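A.B. asks: Just so it is clear, I am handing over work.tsv, which has TSV, C-alpha atoms.
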```
chain	number	residue	atom	x	y	z
A	49	MET	CA	0.00	0.00	0.00
A	50	THR	CA	3.06	2.17	-0.14
A	51	ARG	CA	2.46	4.67	-2.85
A	52	TYR	CA	5.58	4.02	-4.91
A	53	ALA	CA	6.68	0.70	-3.50
A	54	SER	CA	8.39	-2.44	-4.63
A	55	ALA	CA	6.30	-4.05	-1.90
A	56	HIS	CA	3.37	-4.04	-4.29
A	57	THR	CA	4.97	-6.59	-6.55
A	58	ALA	CA	4.09	-10.24	-6.17
A	59	LEU	CA	6.29	-11.96	-3.62
A	60	PRO	CA	6.26	-15.47	-2.20
A	61	VAL	CA	3.77	-16.18	0.55
A	62	ILE	CA	5.50	-16.85	3.85
A	63	ALA	CA	3.58	-19.33	5.94
A	64	GLY	CA	3.42	-18.97	9.67
A	65	SER	CA	1.21	-19.42	12.67
A	66	LEU	CA	-0.30	-16.46	14.46
A	67	LEU	CA	0.17	-15.82	18.15
A	68	PHE	CA	-2.84	-14.25	19.87
A	69	ILE	CA	-2.12	-12.23	22.98
A	70	GLY	CA	-3.73	-9.69	25.25
A	71	SER	CA	-7.26	-8.40	25.80
A	72	PRO	CA	-9.28	-6.86	22.96
A	73	LEU	CA	-9.20	-3.24	21.86
A	74	ARG	CA	-12.74	-2.28	20.91
A	75	ALA	CA	-14.02	0.14	18.26
A	76	ASP	CA	-17.42	0.37	16.66
A	77	ALA	CA	-16.55	-0.86	13.17
A	78	ALA	CA	-19.66	0.70	11.66
A	79	ASP	CA	-19.44	4.10	13.33
A	80	PRO	CA	-17.52	6.75	11.37
A	81	ASN	CA	-17.24	8.73	14.62
A	82	SER	CA	-15.22	6.01	16.32
A	83	PRO	CA	-12.09	7.61	17.83
A	84	ALA	CA	-10.13	4.41	18.17
A	85	ARG	CA	-9.53	2.94	14.72
A	86	VAL	CA	-6.16	1.27	14.45
A	87	VAL	CA	-5.96	-0.15	10.93
A	88	ALA	CA	-3.13	-2.52	10.03
A	89	TYR	CA	-2.25	-3.53	6.50
A	90	VAL	CA	-1.06	-7.13	6.57
A	91	ALA	CA	0.74	-8.31	3.43
A	92	GLY	CA	0.15	-11.87	2.33
A	93	TRP	CA	3.79	-12.24	1.31
A	94	SER	CA	5.04	-11.31	4.80
A	95	MET	CA	2.43	-12.55	7.25
A	96	PRO	CA	3.76	-11.90	10.77
A	97	ALA	CA	4.13	-14.88	13.07
A	98	GLU	CA	2.70	-12.75	15.88
A	99	ILE	CA	-0.25	-10.38	15.59
A	100	ARG	CA	-1.35	-8.41	18.63
A	101	ALA	CA	-5.08	-8.62	17.93
A	102	ASP	CA	-5.89	-6.77	21.14
A	103	GLN	CA	-4.19	-3.65	19.75
A	104	LEU	CA	-6.02	-3.54	16.42
A	105	THR	CA	-9.54	-2.63	15.38
A	106	HIS	CA	-9.18	-3.53	11.67
A	107	ILE	CA	-6.88	-5.57	9.45
A	108	ASN	CA	-6.65	-4.94	5.71
A	109	TYR	CA	-5.30	-8.06	4.01
A	110	ALA	CA	-3.16	-7.10	0.99
A	111	PHE	CA	-3.93	-7.71	-1.73
A	112	GLY	CA	-6.90	-9.02	-3.60
A	113	ARG	CA	-6.65	-8.58	-7.36
A	114	ILE	CA	-8.88	-8.15	-10.39
A	115	ASP	CA	-8.85	-10.96	-12.93
A	116	GLY	CA	-9.21	-10.64	-16.69
A	117	ALA	CA	-13.00	-10.85	-16.46
A	118	GLY	CA	-13.18	-8.00	-13.94
A	119	ASN	CA	-13.84	-10.17	-10.90
A	120	VAL	CA	-12.32	-9.60	-7.47
A	121	VAL	CA	-10.30	-12.71	-6.62
A	122	LEU	CA	-7.68	-13.87	-4.13
A	123	PRO	CA	-4.06	-13.41	-5.21
A	124	ASP	CA	-2.97	-17.04	-4.88
A	125	PRO	CA	-4.08	-20.43	-3.49
A	126	GLY	CA	-2.50	-19.76	-0.11
A	127	ALA	CA	-4.52	-16.64	0.57
A	128	ALA	CA	-7.61	-18.50	1.77
A	129	ALA	CA	-5.64	-20.14	4.58
A	130	GLN	CA	-4.11	-16.81	5.54
A	131	LEU	CA	-7.53	-15.19	5.74
A	132	ALA	CA	-8.66	-18.04	7.95
A	133	ARG	CA	-5.73	-17.36	10.28
A	134	LEU	CA	-6.68	-13.70	10.44
A	135	ARG	CA	-10.31	-14.54	11.19
A	136	ALA	CA	-9.10	-16.72	14.04
A	137	LEU	CA	-7.78	-13.57	15.72
A	138	LYS	CA	-11.39	-12.80	16.60
A	139	LYS	CA	-11.13	-15.45	19.30
A	140	THR	CA	-8.88	-12.98	21.07
A	141	ASN	CA	-10.60	-9.78	19.94
A	142	PRO	CA	-14.23	-10.40	18.93
A	143	HIS	CA	-14.52	-6.77	17.79
A	144	LEU	CA	-11.72	-7.06	15.23
A	145	ARG	CA	-12.83	-6.60	11.63
A	146	ILE	CA	-11.03	-8.21	8.68
A	147	LEU	CA	-11.14	-6.55	5.25
A	148	ILE	CA	-9.51	-7.46	1.98
A	149	SER	CA	-7.68	-4.66	0.21
A	150	VAL	CA	-7.93	-4.88	-3.57
A	151	GLY	CA	-5.24	-3.29	-5.71
A	152	GLY	CA	-1.86	-1.85	-4.73
A	153	TRP	CA	0.94	-0.28	-6.71
A	154	THR	CA	0.96	-1.55	-10.35
A	155	ALA	CA	-2.34	-3.44	-9.80
A	156	GLU	CA	-4.17	-3.60	-13.12
A	157	GLY	CA	-7.88	-3.89	-13.87
A	158	PHE	CA	-9.58	-0.99	-12.12
A	159	SER	CA	-10.18	1.25	-15.11
A	160	ASP	CA	-11.88	-1.55	-17.05
A	161	ALA	CA	-13.82	-2.72	-14.00
A	162	ALA	CA	-15.20	0.78	-13.43
A	163	ALA	CA	-15.90	1.55	-17.09
A	164	SER	CA	-19.57	0.53	-17.40
A	165	ALA	CA	-22.61	-0.37	-15.35
A	166	THR	CA	-22.13	-4.00	-16.35
A	167	SER	CA	-18.46	-4.13	-15.36
A	168	ARG	CA	-19.15	-2.32	-12.10
A	169	ASN	CA	-21.83	-4.84	-11.21
A	170	THR	CA	-19.46	-7.69	-12.05
A	171	PHE	CA	-16.79	-6.20	-9.80
A	172	ALA	CA	-19.17	-5.53	-6.93
A	173	SER	CA	-20.99	-8.86	-7.04
A	174	SER	CA	-17.71	-10.77	-7.12
A	175	ALA	CA	-16.41	-8.71	-4.19
A	176	VAL	CA	-19.53	-9.52	-2.17
A	177	ALA	CA	-19.24	-13.21	-3.05
A	178	LEU	CA	-15.61	-13.24	-1.94
A	179	LEU	CA	-16.43	-11.53	1.37
A	180	ARG	CA	-19.19	-14.01	2.12
A	181	ALA	CA	-17.16	-17.04	1.07
A	182	HIS	CA	-14.32	-16.10	3.44
A	183	GLN	CA	-16.43	-14.53	6.21
A	184	LEU	CA	-14.82	-11.13	5.85
A	185	ASP	CA	-16.14	-7.79	7.07
A	186	GLY	CA	-15.46	-5.44	4.19
A	187	ILE	CA	-13.42	-4.32	1.21
A	188	ASP	CA	-10.74	-1.67	0.88
A	189	ILE	CA	-10.05	-0.23	-2.59
A	190	ASP	CA	-6.42	0.72	-3.25
A	191	TRP	CA	-6.54	2.02	-6.84
A	192	GLU	CA	-3.21	3.69	-7.59
A	193	TYR	CA	-4.46	5.76	-9.34
A	194	PRO	CA	-7.72	6.69	-11.09
A	195	GLY	CA	-7.03	8.65	-14.27
A	196	GLN	CA	-3.27	8.19	-13.99
A	197	SER	CA	-0.88	5.64	-15.42
A	198	VAL	CA	2.11	6.51	-13.25
A	199	ALA	CA	2.28	2.88	-12.08
A	200	GLY	CA	2.10	1.56	-15.62
A	201	ILE	CA	-1.58	0.60	-15.40
A	202	LYS	CA	-4.41	1.40	-17.78
A	203	SER	CA	-6.28	4.65	-17.17
A	204	ARG	CA	-8.83	6.76	-19.00
A	205	PRO	CA	-10.29	10.25	-18.43
A	206	GLU	CA	-13.62	8.68	-17.52
A	207	ASP	CA	-12.02	7.12	-14.42
A	208	LYS	CA	-12.84	10.30	-12.51
A	209	ARG	CA	-16.59	9.75	-12.69
A	210	ASN	CA	-16.43	5.99	-12.96
A	211	PHE	CA	-14.57	5.64	-9.66
A	212	THR	CA	-17.45	7.33	-7.85
A	213	LEU	CA	-19.95	5.09	-9.63
A	214	LEU	CA	-17.90	2.00	-8.77
A	215	LEU	CA	-17.97	2.90	-5.08
A	216	LYS	CA	-21.69	3.65	-5.26
A	217	THR	CA	-22.33	0.23	-6.80
A	218	LEU	CA	-20.17	-1.45	-4.19
A	219	ARG	CA	-21.96	0.33	-1.36
A	220	GLU	CA	-25.37	-0.70	-2.70
A	221	GLN	CA	-24.43	-4.34	-3.16
A	222	LEU	CA	-22.63	-4.56	0.18
A	223	ASP	CA	-25.68	-3.15	1.95
A	224	LYS	CA	-28.01	-5.59	0.20
A	225	ALA	CA	-25.77	-8.50	1.08
A	226	GLY	CA	-25.53	-7.29	4.67
A	227	ALA	CA	-29.30	-7.21	4.97
A	228	VAL	CA	-29.57	-10.77	3.65
A	229	ALA	CA	-26.87	-11.89	6.10
A	230	HIS	CA	-28.65	-10.05	8.96
A	231	ARG	CA	-25.65	-7.87	9.63
A	232	GLY	CA	-26.79	-4.89	11.66
A	233	ARG	CA	-25.39	-1.38	11.84
A	234	ALA	CA	-22.63	-2.40	14.21
A	235	ASP	CA	-21.26	-5.04	11.85
A	236	HIS	CA	-22.38	-3.94	8.39
A	237	TYR	CA	-20.03	-4.64	5.48
A	238	LEU	CA	-17.37	-1.95	5.41
A	239	LEU	CA	-16.17	-0.02	2.38
A	240	THR	CA	-12.97	2.03	2.56
A	241	ILE	CA	-10.35	3.35	0.16
A	242	ALA	CA	-6.68	4.26	0.26
A	243	SER	CA	-6.46	7.90	-0.77
A	244	ALA	CA	-3.64	10.28	-1.65
A	245	ASP	CA	-3.22	14.02	-2.12
A	246	ARG	CA	-2.61	16.67	-4.79
A	247	GLU	CA	-3.25	15.21	-8.25
A	248	TYR	CA	-5.26	12.38	-6.74
A	249	PHE	CA	-7.96	14.99	-6.17
A	250	ASP	CA	-7.69	16.21	-9.76
A	251	TYR	CA	-8.65	12.78	-11.06
A	252	THR	CA	-11.34	11.84	-8.51
A	253	GLU	CA	-14.57	13.31	-7.18
A	254	MET	CA	-13.52	13.38	-3.56
A	255	ASP	CA	-16.32	15.77	-2.60
A	256	GLN	CA	-18.85	13.19	-3.79
A	257	LEU	CA	-17.41	9.70	-3.38
A	258	HIS	CA	-16.77	9.88	0.36
A	259	VAL	CA	-20.50	9.51	1.09
A	260	TYR	CA	-20.27	5.85	0.06
A	261	LEU	CA	-17.31	5.14	2.36
A	262	ASP	CA	-16.98	4.26	6.01
A	263	TRP	CA	-13.63	6.01	6.04
A	264	LEU	CA	-10.54	6.82	3.97
A	265	ASN	CA	-7.06	5.49	4.73
A	266	VAL	CA	-4.95	8.53	3.86
A	267	MET	CA	-1.56	7.51	2.46
A	268	SER	CA	0.28	10.34	4.20
A	269	TYR	CA	3.71	8.94	3.41
A	270	ASP	CA	5.94	8.25	0.37
A	271	PHE	CA	6.15	12.00	-0.16
A	272	PHE	CA	9.81	11.47	-1.14
A	273	ASN	CA	10.87	8.39	-3.06
A	274	SER	CA	12.66	7.16	-6.17
A	275	LEU	CA	10.53	9.47	-8.34
A	276	THR	CA	11.36	12.70	-6.53
A	277	PRO	CA	14.45	14.79	-7.39
A	278	THR	CA	15.57	15.34	-3.81
A	279	THR	CA	15.58	13.63	-0.45
A	280	GLY	CA	13.09	14.67	2.20
A	281	HIS	CA	10.80	13.38	4.91
A	282	HIS	CA	8.74	10.72	3.22
A	283	ALA	CA	6.24	10.81	6.10
A	284	GLY	CA	6.76	14.28	7.54
A	285	LEU	CA	3.84	15.75	9.42
A	286	TYR	CA	4.79	19.33	8.52
A	287	PRO	CA	7.23	20.92	6.04
A	288	SER	CA	10.95	20.83	6.64
A	289	PRO	CA	12.63	24.24	7.01
A	290	PHE	CA	14.42	23.44	3.73
A	291	ALA	CA	11.37	22.15	1.86
A	292	ALA	CA	10.48	23.49	-1.56
A	293	PRO	CA	7.04	25.12	-1.90
A	294	ALA	CA	5.71	22.13	-3.83
A	295	ASP	CA	6.93	19.49	-1.35
A	296	ARG	CA	4.30	17.35	0.35
A	297	ASN	CA	3.52	16.70	3.99
A	298	ALA	CA	0.81	14.92	5.98
A	299	ASP	CA	-0.82	18.04	7.40
A	300	ALA	CA	-1.30	19.50	3.91
A	301	SER	CA	-2.79	16.20	2.74
A	302	ILE	CA	-5.30	16.09	5.59
A	303	ARG	CA	-6.24	19.71	4.99
A	304	GLN	CA	-6.88	18.96	1.33
A	305	HIS	CA	-9.18	16.10	2.33
A	306	LEU	CA	-11.03	18.31	4.80
A	307	GLY	CA	-11.33	21.01	2.14
A	308	ALA	CA	-13.28	18.56	-0.02
A	309	GLY	CA	-15.94	18.36	2.67
A	310	ILE	CA	-14.88	14.99	4.06
A	311	PRO	CA	-15.76	14.76	7.77
A	312	PRO	CA	-12.64	14.52	9.94
A	313	GLN	CA	-13.94	11.32	11.56
A	314	LYS	CA	-13.74	9.64	8.16
A	315	LEU	CA	-10.02	10.40	7.78
A	316	VAL	CA	-7.61	7.76	9.07
A	317	LEU	CA	-4.05	9.09	9.09
A	318	GLY	CA	-1.46	6.80	7.55
A	319	VAL	CA	1.98	6.29	9.06
A	320	ALA	CA	4.96	4.37	7.70
A	321	PHE	CA	6.48	1.32	9.35
A	322	TYR	CA	9.42	1.58	6.92
A	323	GLY	CA	12.02	4.05	5.71
A	324	ARG	CA	13.44	5.06	2.36
A	325	GLY	CA	17.16	5.33	1.70
A	326	PHE	CA	19.08	7.57	-0.69
A	327	ALA	CA	22.75	7.31	-1.71
A	328	GLY	CA	25.24	9.87	-2.97
A	329	VAL	CA	23.39	12.70	-1.26
A	330	ASN	CA	24.56	16.31	-1.25
A	331	PRO	CA	25.79	16.84	2.34
A	332	LEU	CA	24.21	20.28	2.85
A	333	HIS	CA	21.82	20.25	5.85
A	334	ASP	CA	22.90	16.68	6.61
A	335	GLY	CA	21.35	15.56	3.35
A	336	LEU	CA	17.86	16.88	4.04
A	337	ASN	CA	16.00	18.09	0.95
A	338	GLN	CA	19.10	17.60	-1.18
A	339	PRO	CA	19.71	16.03	-4.61
A	340	TYR	CA	21.03	12.47	-4.63
A	341	GLU	CA	22.69	10.06	-7.03
A	342	ARG	CA	20.40	7.09	-6.61
A	343	PHE	CA	17.51	5.74	-4.58
A	344	GLU	CA	19.06	3.10	-2.36
A	345	ALA	CA	16.31	0.92	-0.84
A	346	GLU	CA	13.19	0.59	1.27
A	347	HIS	CA	13.98	-0.44	4.86
A	348	PRO	CA	11.49	-1.95	7.34
A	349	TYR	CA	11.61	-0.22	10.70
A	350	SER	CA	12.81	-3.47	12.28
A	351	GLU	CA	15.83	-3.42	9.96
A	352	LEU	CA	16.53	0.22	10.79
A	353	VAL	CA	16.60	-0.60	14.51
A	354	ASP	CA	18.79	-3.66	14.03
A	355	LYS	CA	21.28	-2.27	11.53
A	356	TYR	CA	21.12	1.49	11.02
A	357	ILE	CA	19.89	3.71	13.85
A	358	GLY	CA	23.06	4.70	15.68
A	359	LYS	CA	25.03	2.06	13.78
A	360	GLN	CA	27.34	1.83	10.75
A	361	GLY	CA	28.08	5.55	11.00
A	362	PHE	CA	24.42	6.63	10.83
A	363	ILE	CA	23.41	9.48	13.14
A	364	ARG	CA	19.79	9.90	14.11
A	365	GLU	CA	18.65	13.49	13.53
A	366	TRP	CA	15.38	15.19	14.43
A	367	ASP	CA	13.61	17.88	12.41
A	368	ALA	CA	11.70	19.89	14.99
A	369	GLU	CA	9.64	21.73	12.36
A	370	ALA	CA	8.59	18.69	10.33
A	371	LYS	CA	8.29	16.53	13.49
A	372	ALA	CA	10.26	13.82	11.74
A	373	PRO	CA	13.42	11.80	12.32
A	374	PHE	CA	16.03	10.96	9.71
A	375	LEU	CA	19.37	9.18	9.53
A	376	TRP	CA	22.50	10.75	8.08
A	377	ASN	CA	25.84	9.12	7.42
A	378	PRO	CA	28.43	11.90	7.00
A	379	GLU	CA	31.06	9.50	5.67
A	380	THR	CA	29.04	7.75	2.97
A	381	HIS	CA	26.55	10.57	2.33
A	382	ALA	CA	23.63	8.20	2.82
A	383	PHE	CA	20.24	9.51	3.97
A	384	ILE	CA	17.27	7.53	5.33
A	385	THR	CA	13.84	8.98	6.04
A	386	TYR	CA	11.40	7.10	8.30
A	387	ASP	CA	8.78	7.23	11.07
A	388	ASP	CA	9.69	6.28	14.64
A	389	PRO	CA	7.95	6.25	18.05
A	390	ASP	CA	8.55	9.98	18.55
A	391	SER	CA	7.05	11.04	15.23
A	392	ILE	CA	4.18	8.56	15.50
A	393	ALA	CA	3.28	9.75	19.01
A	394	ILE	CA	3.10	13.32	17.71
A	395	LYS	CA	0.91	12.19	14.82
A	396	ALA	CA	-1.42	10.45	17.26
A	397	GLY	CA	-1.71	13.76	19.08
A	398	TYR	CA	-2.54	15.40	15.75
A	399	VAL	CA	-5.29	12.82	15.20
A	400	ARG	CA	-6.77	13.58	18.62
A	401	ILE	CA	-6.55	17.36	18.25
A	402	HIS	CA	-8.17	17.37	14.83
A	403	HIS	CA	-10.75	14.71	15.74
A	404	LEU	CA	-9.68	12.37	12.95
A	405	GLY	CA	-10.92	8.80	12.72
A	406	GLY	CA	-7.75	7.02	13.81
A	407	MET	CA	-4.49	5.78	12.33
A	408	MET	CA	-3.43	3.14	9.82
A	409	PHE	CA	-0.05	1.87	8.77
A	410	TRP	CA	1.80	-0.03	6.08
A	411	GLU	CA	2.63	-2.68	7.09
A	412	LEU	CA	2.57	-4.86	10.17
A	413	SER	CA	5.55	-7.14	9.52
A	414	HIS	CA	7.85	-4.09	9.36
A	415	ASP	CA	7.42	-3.30	13.06
A	416	HIS	CA	10.11	-4.00	15.65
A	417	ASP	CA	8.75	-6.12	18.52
A	418	GLY	CA	5.45	-4.24	18.37
A	419	GLU	CA	7.17	-0.94	19.19
A	420	LEU	CA	5.41	1.26	16.63
A	421	LEU	CA	2.00	-0.34	17.02
A	422	GLY	CA	2.27	-0.03	20.78
A	423	THR	CA	3.08	3.66	20.38
A	424	ILE	CA	-0.04	4.18	18.26
A	425	VAL	CA	-2.33	2.48	20.77
A	426	LYS	CA	-0.84	4.20	23.80
A	427	SER	CA	-0.75	7.63	22.18
A	428	LEU	CA	-4.29	7.50	20.80
A	429	SER	CA	-5.69	6.58	24.20
A	430	ARG	CA	-4.20	9.53	26.09
```
Write out the structure in this file as C-alpha cells.
C.D. replies:
Amino acid sequence: MTRYASAHTALPVIAGSLLFIGSPLRADAADPNSPARVVAYVAGWSMPAEIRADQLTHINYAFGRIDGAGNVVLPDPGAAAQLARLRALKKTNPHLRILISVGGWTAEGFSDAAASATSRNTFASSAVALLRAHQLDGIDIDWEYPGQSVAGIKSRPEDKRNFTLLLKTLREQLDKAGAVAHRGRADHYLLTIASADREYFDYTEMDQLHVYLDWLNVMSYDFFNSLTPTTGHHAGLYPSPFAAPADRNADASIRQHLGAGIPPQKLVLGVAFYGRGFAGVNPLHDGLNQPYERFEAEHPYSELVDKYIGKQGFIREWDAEAKAPFLWNPETHAFITYDDPDSIAIKAGYVRIHHLGGMMFWELSHDHDGELLGTIVKSLSR
C-alpha cells in the first residue's frame, strides 16, 4: 500500500502461525465517529508470526486482485488459509474486523472494471461473493491511481466519474448482502479506500465519493521516493525548514481532504512502518531536501533498529519543524527517512486534536517487537 513501492509486486507467501495475545481493543466498526480505529495492513507475502489482535480494530489483508474478467479474486491459493488465520484472531478480539484490500501499486484492472454499469456490477458482485465465502467484514479499494498511469496501469479520463460510480455500486451491493446476512449497523459490510493528495484529487470526485465510504485510509507517506528529485521526509507531518514550496507533507494532505468536505472522523491518518534510503546525497543540511545520485532501498523499521539507527556511522537526527526523524551518514553521504515512536506519538496527538478517525499503517511485519503499534495504541488513548 506504499504509494511508490516495490512491496506491491508479487512476492512469495511466507507461511506462519499467528500468536494471539492480550485483551481486545474495541471500536465500533460501523461508526464513522469512532475515535479508536487502528488499521493494520497485513501483506500476504510477509504474514507476521505474531499479531497483537488486542491492539487492532481492523486488518486490511493485501492484496486481492482483479482478474481478466473483472472479478475480485484472491491473489494465490495460499490466501484463503491466511484469511482463515486472520479470522481466528477474533477469538482474542471479537470486535476485530477483517477486510480485503484490492489493488496496490501496479495493480491492473480498475479502469476496465469501473468503465460501465455491467463491469461495475461484475466487480461488486464478485467482491460480495468473496467476502461471504471467506467470512470477511469489508473491502478496501487501493486504486493507484484513477485517471493516472504513473504505475504503468491502464487509465482513462472517464475514471474520474467511474470511480465514484464503482464505489456507489459497491456500497449498494454490500448493503443488500448485509441485509440478507442479517448484519446490523454495528457489523455492516465496510467499504474504505486508500487515498492520496494533490493530483489524486484532480482525477477523482472526492467531494462526492466519500458519502459511500466508512472512512478513507490517507496515504500520508511516500512523499519522497525514487521518483522525486531530492531527499526529504517521506512521512513528515509538517514541512521541513528546507522544503520546496511544492513538497508534500501529511498536514497538507489532511487539509486537502477536509477542504473537499470529508468529515474529519472519516479520515484515518497513515503512518509508515518503513524508511526510504538515498545514496550519494549532497551533504548540505545533513542531506535533508538535497539532490542524490540514486535511490538506495526501502527499509522496514525493524531493519533500521537492528542495523542502522546509531550504527554503521548513521546518526539519528530530528527535524523539529517537520516533526520527523532521519538518519544521516556523514562518511558515505547516505540519507534515510522514516517514522519512529517519537514522530508517530506526535501524529497520534494530531489525530486527537483534529478529531480524525484514527491511524493506519503499512505494514505490520515491518514493526520492531510491536514498538510502533504499541506507540499508536498508547498515544491515541491519552
A.B. asks: Give me the residues near A:Trp376 as JSON, numbers by chain, where near means some atom within 8 Å (using only C-alpha atoms) and where sequence neighbours in that chain fewer than 6 positions away do not count.
C.D. replies: {"A": [334, 335, 362, 363, 364, 365, 382, 383, 384]}
A.B. asks: Please determine, counting all atoms listed in the file, which residue among A:Met408, A:Gly151, A:Phe249, A:Pro311 has the shortest atom-to-atom distance to A:Leu104.
C.D. replies: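 Looking at the shortest contact to A:Leu104, the residue is A:Met408.
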A.B. asks: If we count all atoms listed in the file, what is near A:Gln313 at a cut-off of 12 Å, once residues fewer than 3 positions away on the same chain are taken out, given as JSON, numbers by chain?
C.D. replies: {"A": [79, 80, 81, 82, 83, 84, 85, 258, 261, 262, 263, 264, 265, 302, 305, 306, 309, 310, 316, 317, 399, 400, 401, 402, 403, 404, 405, 406, 407]}
A.B. asks: Please compute the atom CA of A:Glu156-atom CA of A:Leu238 distance, one decimal, in Å.
C.D. replies: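 Result for atom CA of A:Glu156 versus atom CA of A:Leu238: 22.8 Å, one decimal.
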A.B. asks: Work out how far atom CA of A:His381 is from atom CA of A:Gln360, in Å to one decimal.
C.D. replies: 12.2 Å
A.B. asks: Could you jot down the atom CA of A:Ala177 to atom CA of A:Thr105 separation for me, Å, one decimal place?
C.D. replies: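 Separation of atom CA of A:Ala177 and atom CA of A:Thr105: 23.4 Å.
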A.B. asks: Could you check the closest approach to A:Asp270 for each of A:Pro373, A:Pro205, A:Gly422, A:Gly318 and tell me which residue wins, using all atoms listed in the file?
C.D. replies: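 Answer, going by the shortest atom-to-atom distance: A:Gly318.
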A.B. asks: For A:Tyr193, find every residue with an atom within 12 Å (counting all atoms listed in the file), except residues of its own chain fewer than 3 positions away, and show them as a PyMOL selection string.
C.D. replies: chain A and resi 49+51-52+151-159+189-190+196-205+207-208+211+241-252
A.B. asks: For the selection just defined, write its residues with C-alpha atoms to a file, as a short mmCIF file (atom, residue, chain, number, x, y, z; two decimals), keeping the file's coordinate frame.
C.D. replies:
```cif
data_model
loop_
_atom_site.label_atom_id
_atom_site.label_comp_id
_atom_site.auth_asym_id
_atom_site.auth_seq_id
_atom_site.Cartn_x
_atom_site.Cartn_y
_atom_site.Cartn_z
CA MET A 49 0.00 0.00 0.00
CA ARG A 51 2.46 4.67 -2.85
CA TYR A 52 5.58 4.02 -4.91
CA GLY A 151 -5.24 -3.29 -5.71
CA GLY A 152 -1.86 -1.85 -4.73
CA TRP A 153 0.94 -0.28 -6.71
CA THR A 154 0.96 -1.55 -10.35
CA ALA A 155 -2.34 -3.44 -9.80
CA GLU A 156 -4.17 -3.60 -13.12
CA GLY A 157 -7.88 -3.89 -13.87
CA PHE A 158 -9.58 -0.99 -12.12
CA SER A 159 -10.18 1.25 -15.11
CA ILE A 189 -10.05 -0.23 -2.59
CA ASP A 190 -6.42 0.72 -3.25
CA GLN A 196 -3.27 8.19 -13.99
CA SER A 197 -0.88 5.64 -15.42
CA VAL A 198 2.11 6.51 -13.25
CA ALA A 199 2.28 2.88 -12.08
CA GLY A 200 2.10 1.56 -15.62
CA ILE A 201 -1.58 0.60 -15.40
CA LYS A 202 -4.41 1.40 -17.78
CA SER A 203 -6.28 4.65 -17.17
CA ARG A 204 -8.83 6.76 -19.00
CA PRO A 205 -10.29 10.25 -18.43
CA ASP A 207 -12.02 7.12 -14.42
CA LYS A 208 -12.84 10.30 -12.51
CA PHE A 211 -14.57 5.64 -9.66
CA ILE A 241 -10.35 3.35 0.16
CA ALA A 242 -6.68 4.26 0.26
CA SER A 243 -6.46 7.90 -0.77
CA ALA A 244 -3.64 10.28 -1.65
CA ASP A 245 -3.22 14.02 -2.12
CA ARG A 246 -2.61 16.67 -4.79
CA GLU A 247 -3.25 15.21 -8.25
CA TYR A 248 -5.26 12.38 -6.74
CA PHE A 249 -7.96 14.99 -6.17
CA ASP A 250 -7.69 16.21 -9.76
CA TYR A 251 -8.65 12.78 -11.06
CA THR A 252 -11.34 11.84 -8.51
#
```
A.B. asks: Need the shell around A:His347: protein/DNA/RNA residues with any atom at most 7 Å away, counting all atoms listed in the file. Skip same-chain ones fewer than 2 positions apart. Format as a ChimeraX atom specification?
C.D. replies: /A:322-324,345,349,351-352
A.B. asks: Which residues are close to A:Val259, i.e. within 10 Å by all atoms listed in the file, leaving aside same-chain residues fewer than 4 positions away? Reply as a PyMOL selection string.
C.D. replies: chain A and resi 212+215-216+219+254-255+263+310-311+314
A.B. asks: How would the residues just picked look written out with C-alpha atoms as a compact mmCIF listing (two decimals), in the frame of the given file?
C.D. replies:
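The resulting file, selection-v7.txt, is reproduced below:
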```txt
# COMPACT_ATOMS: atom_id res chain seq x y z
CA THR A 212 -17.45 7.33 -7.85
CA LEU A 215 -17.97 2.90 -5.08
CA LYS A 216 -21.69 3.65 -5.26
CA ARG A 219 -21.96 0.33 -1.36
CA MET A 254 -13.52 13.38 -3.56
CA ASP A 255 -16.32 15.77 -2.60
CA TRP A 263 -13.63 6.01 6.04
CA ILE A 310 -14.88 14.99 4.06
CA PRO A 311 -15.76 14.76 7.77
CA LYS A 314 -13.74 9.64 8.16
```
A.B. asks: Go through A:Trp410, A:Trp366, A:Tyr356, A:Phe374 one by one, measure the shortest atom-to-atom distance of each to A:Ser268 using all atoms listed in the file, and give the residue with the smallest value.
C.D. replies: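 Of A:Trp410, A:Trp366, A:Tyr356, A:Phe374, the one nearest A:Ser268 is A:Trp410, counting all atoms listed in the file.
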A.B. asks: Ranking A:Trp191, A:Lys224, A:His414, A:Ala396 by minimum distance to A:Lys426 and counting all atoms listed in the file, which one comes first?
C.D. replies: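 Residue with the minimum atom-to-atom distance to A:Lys426: A:Ala396.
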A.B. asks: Report, as JSON, the axis-aligned box around all atoms of stretch 100-111 of chain A present in the file, extended by 6 Å on each side; give centre and edge lengths in Å to one decimal place.
C.D. replies:
```
{"center_x": -5.4, "center_y": -5.6, "center_z": 9.7, "size_x": 20.2, "size_y": 18.0, "size_z": 34.9}
```
A.B. asks: Point out the residue among A:Leu178, A:Glu206, A:Phe171, A:Leu147 with the least atom-to-atom distance to A:Tyr237, counting only C-alpha atoms.
C.D. replies: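 Among the listed residues, A:Leu147 lies closest to A:Tyr237.
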A.B. asks: Smallest atom-to-atom distance to A:Ala162: which of A:Leu218, A:Val86, A:Leu213, A:Leu179, using all atoms listed in the file?
C.D. replies: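 Checking each of A:Leu218, A:Val86, A:Leu213, A:Leu179 against A:Ala162, counting all atoms listed in the file, the winner is A:Leu213.
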A.B. asks: Around (7.9, 23.6, 14.2) in the file's frame, which residues reach within 9 Å when counting all atoms listed in the file? Return as an mmCIF file with C-alpha atoms, in the frame of the given file?
C.D. replies:
```cif
data_model
loop_
_atom_site.group_PDB
_atom_site.id
_atom_site.type_symbol
_atom_site.label_atom_id
_atom_site.label_comp_id
_atom_site.auth_asym_id
_atom_site.auth_seq_id
_atom_site.Cartn_x
_atom_site.Cartn_y
_atom_site.Cartn_z
ATOM 1 C CA TYR A 286 4.790 19.330 8.520
ATOM 2 C CA PRO A 287 7.230 20.920 6.040
ATOM 3 C CA SER A 288 10.950 20.830 6.640
ATOM 4 C CA PRO A 289 12.630 24.240 7.010
ATOM 5 C CA ASP A 367 13.610 17.880 12.410
ATOM 6 C CA ALA A 368 11.700 19.890 14.990
ATOM 7 C CA GLU A 369 9.640 21.730 12.360
ATOM 8 C CA ALA A 370 8.590 18.690 10.330
ATOM 9 C CA LYS A 371 8.290 16.530 13.490
#
```
